[in-house]
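The next block holds one structure in the form of structure tokens; read it before the comments.
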Amino acid sequence: MIMKKFFELVELRTKVASMIPFFIGTVYAVFRFHEFQLYSFGLMFLSLLSFDMATTAINNYFDYHKAVKKKGYGYEVHNAIVKYNMKPSRVLALIIGLLLLAIGAGIMLVIQSGLLVLLLGGLSFAVGILYSFGPIPISRMPLGEIFSGLFMGFVIIFVSTFIHASDGLASLTLLNGVVSLQIQLMEVLLVFFISIPAILCIANIMLANNICDVEDDVENKRYTLPHYIGKSNALLLFRFMYYASYLDLIVLYFLGVNPFILLLVLCTVIPVHNNIGRFAAHPTKQHTFGLAVKNFVLSNVARIAALGIAVLMTI
């Protein structure tokens with residue numbers, strides 16, 4: 001029962017949003033650079049998972065404290081603190097423990113992989129904390145989709161590639177008080193382009209969440225993107241971003257970046273299209289929000305599998 005409460009507090013099922021980009025970057029590093037560093041892989045896995053769980057717990061903690069509307073699914077069922085009558089002091093202690101674990105593993109990863117990991121990791125930590133904390137948290141503004149998409153979709157993929165490929169992507173050095181940053185521009189751009197499907201699908205998880213909660217969010221003084229552009233336009237954007245992610249796969253194939261086998265990912269467009277229709281017809285947190293997570297898993301796990309097969313074919 002204790003573990004069930006913990007898993008619901010940190011919303012363990014949603015950790016695919018950070019773990020899948022992590023594995024995409026890892027498989028891409030093996031495919032592109034023929035490198036795999038097991039120690040660095042383990043450290044980043046531990047740091048990333050701990051921090052992702054901590055930020056979700058922080059979000060639930062502040063939603064609990066700042067809630068104006070205290071009736072309904074979003075507060076009474078979705079928030080584990082309310083659902084299980086958790087003591088806020090214990091939740092706070094758990095958050096601190098997860099953050100310390102994430103920071104500890106992160107420091108060891110910096111020692112192993114270099115200062116660039118410190119820079120990107122520190123920036124990601126700051127955004128993760130500011131997402132739920134501060135006078136105006138990112139989650140209460142129309143910027144959540146951009147920040148979650150870029151940091152979880154691109155930065156995680158970049159760092160998880162970098163810890164294996166290192167100088168094949170970039171290097172940051174400090175010598176005699178002089179900081180030097182060297183970037184393999186084409187390789188970094190390629191990492192960004194292969195990250196686009198993850199960026200868009202993760203942004204859509206956030207967008208789906210905000211579409212479902214738009215009325216309750218306004219009551220709780222959270223003014224997210226659907227509030228500003230309207231629910232119908234938000235649903236159009238939701239649909240467009242999925243199709244754009246598939247277009248990216250096709251373009252990268254014709255540019256010679258993606259191997260032919262990655263086009264098999266296009267087979268997932270049918271169930272993804274069906275899920276888009278089901279969500280658009282009845283967007284609710286309780287019944288259809290999970291379809292956005294399903295779409296992300298479908299298309300991106302298929303990419304990991306196809307790229308993994310491409311790696312095996314080159315051995």
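All residue names refer to the structure tokens as shown: chains lettered A, B, ... in order, residues numbered from 1 in each chain, ligands numbered from 1 in order.
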
Any chance you could tabulate, as a tab-separated table, the residues of region 172-221 of chain A at most 8 Å from region 291-312 of chain A with each one's nearest atom pair and distance in Å to one decimal, using only C-alpha atoms, in chain and rising number order?
```
residue	atom	partner	partner_atom	distance
A:Pro197	CA	A:Asn300	CA	7.5
A:Ala198	CA	A:Asn300	CA	6.8
A:Cys201	CA	A:Phe296	CA	5.3
A:Ile202	CA	A:Phe296	CA	6.9
A:Asn204	CA	A:Ala292	CA	6.7
A:Ile205	CA	A:Ala292	CA	5.3
A:Ala208	CA	A:Ala292	CA	6.6
```

Take the selection from the previous step and output its residues with C-alpha atoms, as a PDB file, in the first residue's frame.
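Once written, selection33.pdb looks like this:
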```
ATOM      1  CA  PRO A 197       8.850  13.716 -32.657  1.00  0.00           C
ATOM      2  CA  ALA A 198       9.599  13.415 -28.927  1.00  0.00           C
ATOM      3  CA  CYS A 201       4.515  14.310 -28.471  1.00  0.00           C
ATOM      4  CA  ILE A 202       5.631  15.414 -24.993  1.00  0.00           C
ATOM      5  CA  ASN A 204       0.984  17.191 -26.581  1.00  0.00           C
ATOM      6  CA  ILE A 205       0.841  15.348 -23.251  1.00  0.00           C
ATOM      7  CA  ALA A 208      -3.934  17.350 -23.464  1.00  0.00           C
TER       8      ALA A 208
END
```

- Message: I'd like the contact shell of Ser148 (chain A) - 12 Å cut-off, only C-alpha atoms, skipping same-chain residues fewer than 2 positions apart - returned as a PyMOL selection string.
- Response: chain A and resi 17-18+52+55+124+127-128+130-131+138-139+142-146+150-156+198-207

Write out the residues from the selection above, keeping N, CA, C and O atoms, as a short mmCIF file (atom, residue, chain, number, x, y, z; two decimals), in the first residue's frame.
```cif
data_model
loop_
_atom_site.label_atom_id
_atom_site.label_comp_id
_atom_site.auth_asym_id
_atom_site.auth_seq_id
_atom_site.Cartn_x
_atom_site.Cartn_y
_atom_site.Cartn_z
N ALA A 17 7.59 9.81 -20.11
CA ALA A 17 7.88 11.06 -20.81
C ALA A 17 9.34 11.47 -20.69
O ALA A 17 9.85 12.22 -21.53
N SER A 18 10.04 10.99 -19.66
CA SER A 18 11.48 11.26 -19.55
C SER A 18 12.31 10.03 -19.92
O SER A 18 13.40 10.16 -20.49
N ASP A 52 12.60 13.51 -12.03
CA ASP A 52 11.27 13.55 -12.64
C ASP A 52 10.20 13.23 -11.60
O ASP A 52 9.14 13.87 -11.54
N THR A 55 9.82 16.34 -9.27
CA THR A 55 9.09 17.48 -9.83
C THR A 55 7.58 17.20 -9.88
O THR A 55 6.77 18.11 -9.65
N SER A 124 18.21 22.30 -16.48
CA SER A 124 17.03 21.43 -16.42
C SER A 124 16.46 21.37 -15.01
O SER A 124 15.24 21.39 -14.82
N VAL A 127 14.57 24.65 -14.40
CA VAL A 127 13.27 24.67 -15.09
C VAL A 127 12.30 23.72 -14.42
O VAL A 127 11.11 24.03 -14.26
N GLY A 128 12.78 22.54 -14.00
CA GLY A 128 11.92 21.58 -13.33
C GLY A 128 11.34 22.12 -12.03
O GLY A 128 10.16 21.92 -11.73
N LEU A 130 11.13 25.45 -11.22
CA LEU A 130 10.30 26.62 -11.55
C LEU A 130 9.00 26.23 -12.23
O LEU A 130 8.08 27.04 -12.30
N TYR A 131 8.94 25.00 -12.74
CA TYR A 131 7.70 24.53 -13.37
C TYR A 131 6.54 24.56 -12.36
O TYR A 131 5.41 24.88 -12.72
N ILE A 138 5.77 27.94 -14.11
CA ILE A 138 5.59 27.72 -15.55
C ILE A 138 4.30 26.98 -15.83
O ILE A 138 3.62 27.25 -16.82
N SER A 139 3.93 26.06 -14.94
CA SER A 139 2.71 25.26 -15.15
C SER A 139 1.44 26.10 -15.11
O SER A 139 0.38 25.65 -15.54
N PRO A 142 1.04 29.97 -20.16
CA PRO A 142 0.86 29.29 -21.45
C PRO A 142 2.19 28.83 -22.06
O PRO A 142 2.34 28.80 -23.27
N LEU A 143 3.16 28.48 -21.20
CA LEU A 143 4.49 28.10 -21.68
C LEU A 143 4.84 26.66 -21.35
O LEU A 143 5.92 26.19 -21.71
N GLY A 144 3.94 25.97 -20.67
CA GLY A 144 4.24 24.61 -20.23
C GLY A 144 4.57 23.67 -21.38
O GLY A 144 5.50 22.85 -21.27
N GLU A 145 3.84 23.78 -22.49
CA GLU A 145 4.08 22.91 -23.65
C GLU A 145 5.47 23.12 -24.23
O GLU A 145 6.17 22.16 -24.59
N ILE A 146 5.89 24.39 -24.32
CA ILE A 146 7.20 24.70 -24.89
C ILE A 146 8.32 24.17 -24.00
O ILE A 146 9.25 23.50 -24.47
N LEU A 150 10.70 20.98 -25.07
CA LEU A 150 12.13 21.21 -25.35
C LEU A 150 13.04 20.53 -24.33
O LEU A 150 14.04 19.92 -24.70
N PHE A 151 12.70 20.65 -23.05
CA PHE A 151 13.61 20.11 -22.04
C PHE A 151 13.50 18.59 -21.92
O PHE A 151 14.52 17.91 -21.76
N MET A 152 12.29 18.05 -22.00
CA MET A 152 12.15 16.61 -21.89
C MET A 152 12.36 15.93 -23.23
O MET A 152 12.84 14.79 -23.29
N GLY A 153 12.01 16.62 -24.32
CA GLY A 153 12.16 16.01 -25.64
C GLY A 153 13.54 16.19 -26.23
O GLY A 153 14.13 15.23 -26.74
N PHE A 154 14.10 17.41 -26.16
CA PHE A 154 15.40 17.66 -26.77
C PHE A 154 16.57 17.53 -25.80
O PHE A 154 17.53 16.81 -26.05
N VAL A 155 16.51 18.24 -24.67
CA VAL A 155 17.66 18.26 -23.75
C VAL A 155 17.98 16.87 -23.23
O VAL A 155 19.15 16.47 -23.16
N ILE A 156 16.96 16.09 -22.88
CA ILE A 156 17.23 14.73 -22.38
C ILE A 156 17.87 13.89 -23.47
O ILE A 156 18.84 13.16 -23.22
N ALA A 198 9.73 13.47 -30.39
CA ALA A 198 9.60 13.41 -28.93
C ALA A 198 9.18 14.77 -28.38
O ALA A 198 8.33 14.85 -27.47
N ILE A 199 9.76 15.85 -28.90
CA ILE A 199 9.40 17.21 -28.46
C ILE A 199 7.91 17.44 -28.63
O ILE A 199 7.21 17.89 -27.71
N LEU A 200 7.39 17.13 -29.82
CA LEU A 200 5.99 17.40 -30.13
C LEU A 200 5.04 16.51 -29.34
O LEU A 200 4.00 16.96 -28.86
N CYS A 201 5.40 15.23 -29.20
CA CYS A 201 4.52 14.31 -28.47
C CYS A 201 4.48 14.62 -26.98
O CYS A 201 3.42 14.50 -26.34
N ILE A 202 5.61 15.03 -26.41
CA ILE A 202 5.63 15.41 -24.99
C ILE A 202 4.85 16.71 -24.79
O ILE A 202 4.09 16.85 -23.83
N ALA A 203 5.03 17.66 -25.70
CA ALA A 203 4.25 18.90 -25.63
C ALA A 203 2.76 18.59 -25.69
O ALA A 203 1.94 19.23 -25.01
N ASN A 204 2.40 17.57 -26.47
CA ASN A 204 0.98 17.19 -26.58
C ASN A 204 0.44 16.55 -25.32
O ASN A 204 -0.76 16.64 -25.04
N ILE A 205 1.29 15.88 -24.54
CA ILE A 205 0.84 15.35 -23.25
C ILE A 205 0.45 16.51 -22.34
O ILE A 205 -0.60 16.50 -21.69
N MET A 206 1.31 17.54 -22.32
CA MET A 206 1.00 18.72 -21.52
C MET A 206 -0.24 19.44 -22.05
O MET A 206 -1.11 19.87 -21.28
N LEU A 207 -0.33 19.55 -23.39
CA LEU A 207 -1.48 20.23 -23.99
C LEU A 207 -2.78 19.48 -23.68
O LEU A 207 -3.80 20.10 -23.35
#
```

- Message: Just to confirm, what's the straight-line distance from CA of Leu174 (chain A) to CA of Glu35 (chain A) in Å (one decimal)?
- Response: 25.0 Å

- Report the distance between CA of His287 (chain A) and CA of Ser195 (chain A) in Å, rounded to one decimal place. 28.8 Å

- For each of A:Asp216, A:Ala170, A:Thr314, A:Met3, take the minimum atom-to-atom distance to Val30 (chain A), counting only C-alpha atoms, then give the residue where this is smallest.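 Once distances to Val30 (chain A) are computed over only C-alpha atoms, the minimum belongs to A:Thr314.
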
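For region 103-109 of chain A, the non-local neighbours within 10 Å, defined as residues at least 5 positions apart in the same chain or in other chains and counting only C-alpha atoms, are A:Tyr39, A:Ser40, A:Phe41, A:Gly42, A:Leu43, A:Met44, A:Phe45, A:Leu46, A:Ser47, A:Leu48, A:Ser50, A:Phe51, A:Gly97, A:Leu98, A:Gly114, A:Leu115, A:Val117, A:Leu118, A:Gly121, A:Gly122, A:Phe125, A:Ile163.
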
- Contacts of Arg90 (chain A) at 12 Å or less, counting only C-alpha atoms, minus same-chain residues fewer than 5 places along, as a ChimeraX atom specification? /A:6,9,57,61,81,85,95-97

- Selected residue, from A:Ala54, A:Leu119, A:Cys212, A:Val110, that lies nearest to His282 (chain A) when counting only C-alpha atoms: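 Looking at the shortest contact to His282 (chain A), the residue is A:Cys212.
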
- Task: If you run DSSP over the backbone, which residues in region 76-162 of chain A end up helix (DSSP H, G or I)? Put them as a PyMOL selection string.
- Result: chain A and resi 76+80-83+88-113+115-132+138-140+144-162

- Message: I'd like the contact shell of Tyr246 (chain A) - 9 Å cut-off, only C-alpha atoms, skipping same-chain residues fewer than 3 positions apart - returned as a ChimeraX atom specification.
- Response: /A:197,241-243,249-251,265-266,269,299

Could you write out that same residue set with C-alpha atoms as a compact mmCIF listing (two decimals), in the first residue's frame?
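Ended up saving to out21.txt:
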```txt
# COMPACT_ATOMS: atom_id res chain seq x y z
CA PRO A 197 8.85 13.72 -32.66
CA MET A 241 1.69 18.30 -33.74
CA TYR A 242 1.23 14.54 -34.08
CA TYR A 243 1.18 14.69 -37.87
CA LEU A 249 10.57 11.08 -39.84
CA ILE A 250 9.93 11.18 -43.59
CA VAL A 251 12.02 14.32 -44.15
CA VAL A 265 7.21 3.81 -37.45
CA LEU A 266 4.67 5.23 -39.91
CA VAL A 269 -0.07 6.59 -37.50
CA SER A 299 5.26 6.33 -31.83
```

Give the strand (DSSP E) residues of region 42-212 of chain A, as DSSP finds them on the backbone, and put them as a PDB file with all heavy atoms, in the first residue's frame.
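Okay, this is what ended up in part.pdb:
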```pdb
ATOM      1  N   ALA A 170      29.928  17.959 -28.507  1.00  0.00           N
ATOM      2  CA  ALA A 170      30.348  19.262 -27.991  1.00  0.00           C
ATOM      3  C   ALA A 170      31.275  19.053 -26.800  1.00  0.00           C
ATOM      4  O   ALA A 170      31.382  17.949 -26.262  1.00  0.00           O
ATOM      5  CB  ALA A 170      29.128  20.085 -27.573  1.00  0.00           C
ATOM      6  N   SER A 171      31.931  20.135 -26.395  1.00  0.00           N
ATOM      7  CA  SER A 171      32.767  20.080 -25.192  1.00  0.00           C
ATOM      8  C   SER A 171      32.786  21.453 -24.534  1.00  0.00           C
ATOM      9  O   SER A 171      32.771  22.478 -25.210  1.00  0.00           O
ATOM     10  CB  SER A 171      34.192  19.633 -25.527  1.00  0.00           C
ATOM     11  OG  SER A 171      34.827  20.588 -26.355  1.00  0.00           O
ATOM     12  N   LEU A 172      32.776  21.439 -23.196  1.00  0.00           N
ATOM     13  CA  LEU A 172      32.855  22.670 -22.413  1.00  0.00           C
ATOM     14  C   LEU A 172      34.008  22.513 -21.440  1.00  0.00           C
ATOM     15  O   LEU A 172      34.007  21.592 -20.625  1.00  0.00           O
ATOM     16  CB  LEU A 172      31.535  22.897 -21.658  1.00  0.00           C
ATOM     17  CG  LEU A 172      31.452  24.162 -20.804  1.00  0.00           C
ATOM     18  CD1 LEU A 172      31.447  25.410 -21.680  1.00  0.00           C
ATOM     19  CD2 LEU A 172      30.184  24.137 -19.928  1.00  0.00           C
ATOM     20  N   THR A 173      35.000  23.397 -21.549  1.00  0.00           N
ATOM     21  CA  THR A 173      36.186  23.278 -20.702  1.00  0.00           C
ATOM     22  C   THR A 173      36.446  24.585 -19.956  1.00  0.00           C
ATOM     23  O   THR A 173      36.106  25.674 -20.441  1.00  0.00           O
ATOM     24  CB  THR A 173      37.437  22.928 -21.534  1.00  0.00           C
ATOM     25  OG1 THR A 173      37.625  23.920 -22.558  1.00  0.00           O
ATOM     26  CG2 THR A 173      37.288  21.565 -22.188  1.00  0.00           C
ATOM     27  N   LEU A 174      37.039  24.454 -18.767  1.00  0.00           N
ATOM     28  CA  LEU A 174      37.441  25.598 -17.952  1.00  0.00           C
ATOM     29  C   LEU A 174      38.934  25.480 -17.685  1.00  0.00           C
ATOM     30  O   LEU A 174      39.393  24.545 -17.039  1.00  0.00           O
ATOM     31  CB  LEU A 174      36.660  25.612 -16.637  1.00  0.00           C
ATOM     32  CG  LEU A 174      37.042  26.684 -15.617  1.00  0.00           C
ATOM     33  CD1 LEU A 174      36.804  28.088 -16.176  1.00  0.00           C
ATOM     34  CD2 LEU A 174      36.257  26.492 -14.314  1.00  0.00           C
ATOM     35  N   LEU A 175      39.717  26.436 -18.207  1.00  0.00           N
ATOM     36  CA  LEU A 175      41.168  26.395 -18.066  1.00  0.00           C
ATOM     37  C   LEU A 175      41.680  27.794 -17.780  1.00  0.00           C
ATOM     38  O   LEU A 175      41.473  28.720 -18.568  1.00  0.00           O
ATOM     39  CB  LEU A 175      41.811  25.841 -19.349  1.00  0.00           C
ATOM     40  CG  LEU A 175      43.325  25.646 -19.309  1.00  0.00           C
ATOM     41  CD1 LEU A 175      43.717  24.613 -18.247  1.00  0.00           C
ATOM     42  CD2 LEU A 175      43.855  25.222 -20.686  1.00  0.00           C
ATOM     43  N   VAL A 178      39.276  30.578 -18.122  1.00  0.00           N
ATOM     44  CA  VAL A 178      38.689  30.774 -19.445  1.00  0.00           C
ATOM     45  C   VAL A 178      37.774  29.590 -19.763  1.00  0.00           C
ATOM     46  O   VAL A 178      38.186  28.437 -19.703  1.00  0.00           O
ATOM     47  CB  VAL A 178      39.769  30.906 -20.542  1.00  0.00           C
ATOM     48  CG1 VAL A 178      39.124  31.050 -21.922  1.00  0.00           C
ATOM     49  CG2 VAL A 178      40.666  32.094 -20.250  1.00  0.00           C
ATOM     50  N   VAL A 179      36.525  29.900 -20.088  1.00  0.00           N
ATOM     51  CA  VAL A 179      35.564  28.866 -20.458  1.00  0.00           C
ATOM     52  C   VAL A 179      35.521  28.751 -21.974  1.00  0.00           C
ATOM     53  O   VAL A 179      35.367  29.756 -22.678  1.00  0.00           O
ATOM     54  CB  VAL A 179      34.145  29.201 -19.930  1.00  0.00           C
ATOM     55  CG1 VAL A 179      33.135  28.156 -20.410  1.00  0.00           C
ATOM     56  CG2 VAL A 179      34.147  29.288 -18.415  1.00  0.00           C
ATOM     57  N   SER A 180      35.691  27.536 -22.476  1.00  0.00           N
ATOM     58  CA  SER A 180      35.675  27.305 -23.927  1.00  0.00           C
ATOM     59  C   SER A 180      34.586  26.296 -24.266  1.00  0.00           C
ATOM     60  O   SER A 180      34.529  25.218 -23.680  1.00  0.00           O
ATOM     61  CB  SER A 180      37.027  26.766 -24.406  1.00  0.00           C
ATOM     62  OG  SER A 180      38.055  27.699 -24.139  1.00  0.00           O
ATOM     63  N   LEU A 181      33.714  26.688 -25.186  1.00  0.00           N
ATOM     64  CA  LEU A 181      32.648  25.803 -25.655  1.00  0.00           C
ATOM     65  C   LEU A 181      32.872  25.506 -27.130  1.00  0.00           C
ATOM     66  O   LEU A 181      32.944  26.419 -27.952  1.00  0.00           O
ATOM     67  CB  LEU A 181      31.278  26.455 -25.462  1.00  0.00           C
ATOM     68  CG  LEU A 181      30.067  25.696 -26.025  1.00  0.00           C
ATOM     69  CD1 LEU A 181      29.897  24.351 -25.323  1.00  0.00           C
ATOM     70  CD2 LEU A 181      28.793  26.530 -25.918  1.00  0.00           C
ATOM     71  N   GLN A 182      32.998  24.246 -27.445  1.00  0.00           N
ATOM     72  CA  GLN A 182      33.148  23.827 -28.842  1.00  0.00           C
ATOM     73  C   GLN A 182      31.955  22.940 -29.211  1.00  0.00           C
ATOM     74  O   GLN A 182      31.600  22.036 -28.464  1.00  0.00           O
ATOM     75  CB  GLN A 182      34.447  23.062 -29.054  1.00  0.00           C
ATOM     76  CG  GLN A 182      35.690  23.927 -28.891  1.00  0.00           C
ATOM     77  CD  GLN A 182      36.975  23.150 -29.162  1.00  0.00           C
ATOM     78  OE1 GLN A 182      37.125  22.024 -28.692  1.00  0.00           O
ATOM     79  NE2 GLN A 182      37.877  23.744 -29.920  1.00  0.00           N
ATOM     80  N   ILE A 183      31.350  23.241 -30.344  1.00  0.00           N
ATOM     81  CA  ILE A 183      30.150  22.521 -30.763  1.00  0.00           C
ATOM     82  C   ILE A 183      30.342  21.943 -32.156  1.00  0.00           C
ATOM     83  O   ILE A 183      30.791  22.655 -33.068  1.00  0.00           O
ATOM     84  CB  ILE A 183      28.922  23.458 -30.775  1.00  0.00           C
ATOM     85  CG1 ILE A 183      28.634  23.977 -29.359  1.00  0.00           C
ATOM     86  CG2 ILE A 183      27.688  22.743 -31.319  1.00  0.00           C
ATOM     87  CD1 ILE A 183      27.542  25.017 -29.311  1.00  0.00           C
TER      88      ILE A 183
END
```

Name all residues at most 10 Å from Phe33 (chain A) (count only C-alpha atoms; drop same-chain ones fewer than 4 positions away) and give them as a short mmCIF file (atom, residue, chain, number, x, y, z; two decimals) with N, CA and C atoms, in the first residue's frame.
```cif
data_model
loop_
_atom_site.label_atom_id
_atom_site.label_comp_id
_atom_site.auth_asym_id
_atom_site.auth_seq_id
_atom_site.Cartn_x
_atom_site.Cartn_y
_atom_site.Cartn_z
N VAL A 27 20.15 4.95 -27.76
CA VAL A 27 20.19 4.12 -28.97
C VAL A 27 20.76 4.92 -30.14
N TYR A 28 20.41 6.21 -30.21
CA TYR A 28 20.96 7.06 -31.28
C TYR A 28 22.47 7.16 -31.16
N ALA A 29 23.00 7.29 -29.92
CA ALA A 29 24.45 7.38 -29.71
C ALA A 29 25.15 6.11 -30.21
N THR A 161 22.67 11.33 -25.37
CA THR A 161 23.58 11.05 -26.48
C THR A 161 25.00 11.49 -26.12
N HIS A 164 27.58 9.43 -24.01
CA HIS A 164 28.24 8.33 -24.71
C HIS A 164 29.20 8.87 -25.79
N ALA A 165 28.74 9.89 -26.53
CA ALA A 165 29.51 10.38 -27.69
C ALA A 165 30.51 11.45 -27.31
N SER A 166 30.24 12.22 -26.24
CA SER A 166 31.13 13.25 -25.71
C SER A 166 31.58 14.23 -26.79
N GLY A 168 32.15 14.03 -29.73
CA GLY A 168 31.50 13.92 -31.04
C GLY A 168 30.37 14.91 -31.19
N LEU A 169 29.91 15.49 -30.06
CA LEU A 169 28.84 16.49 -30.09
C LEU A 169 29.32 17.87 -29.68
#
```
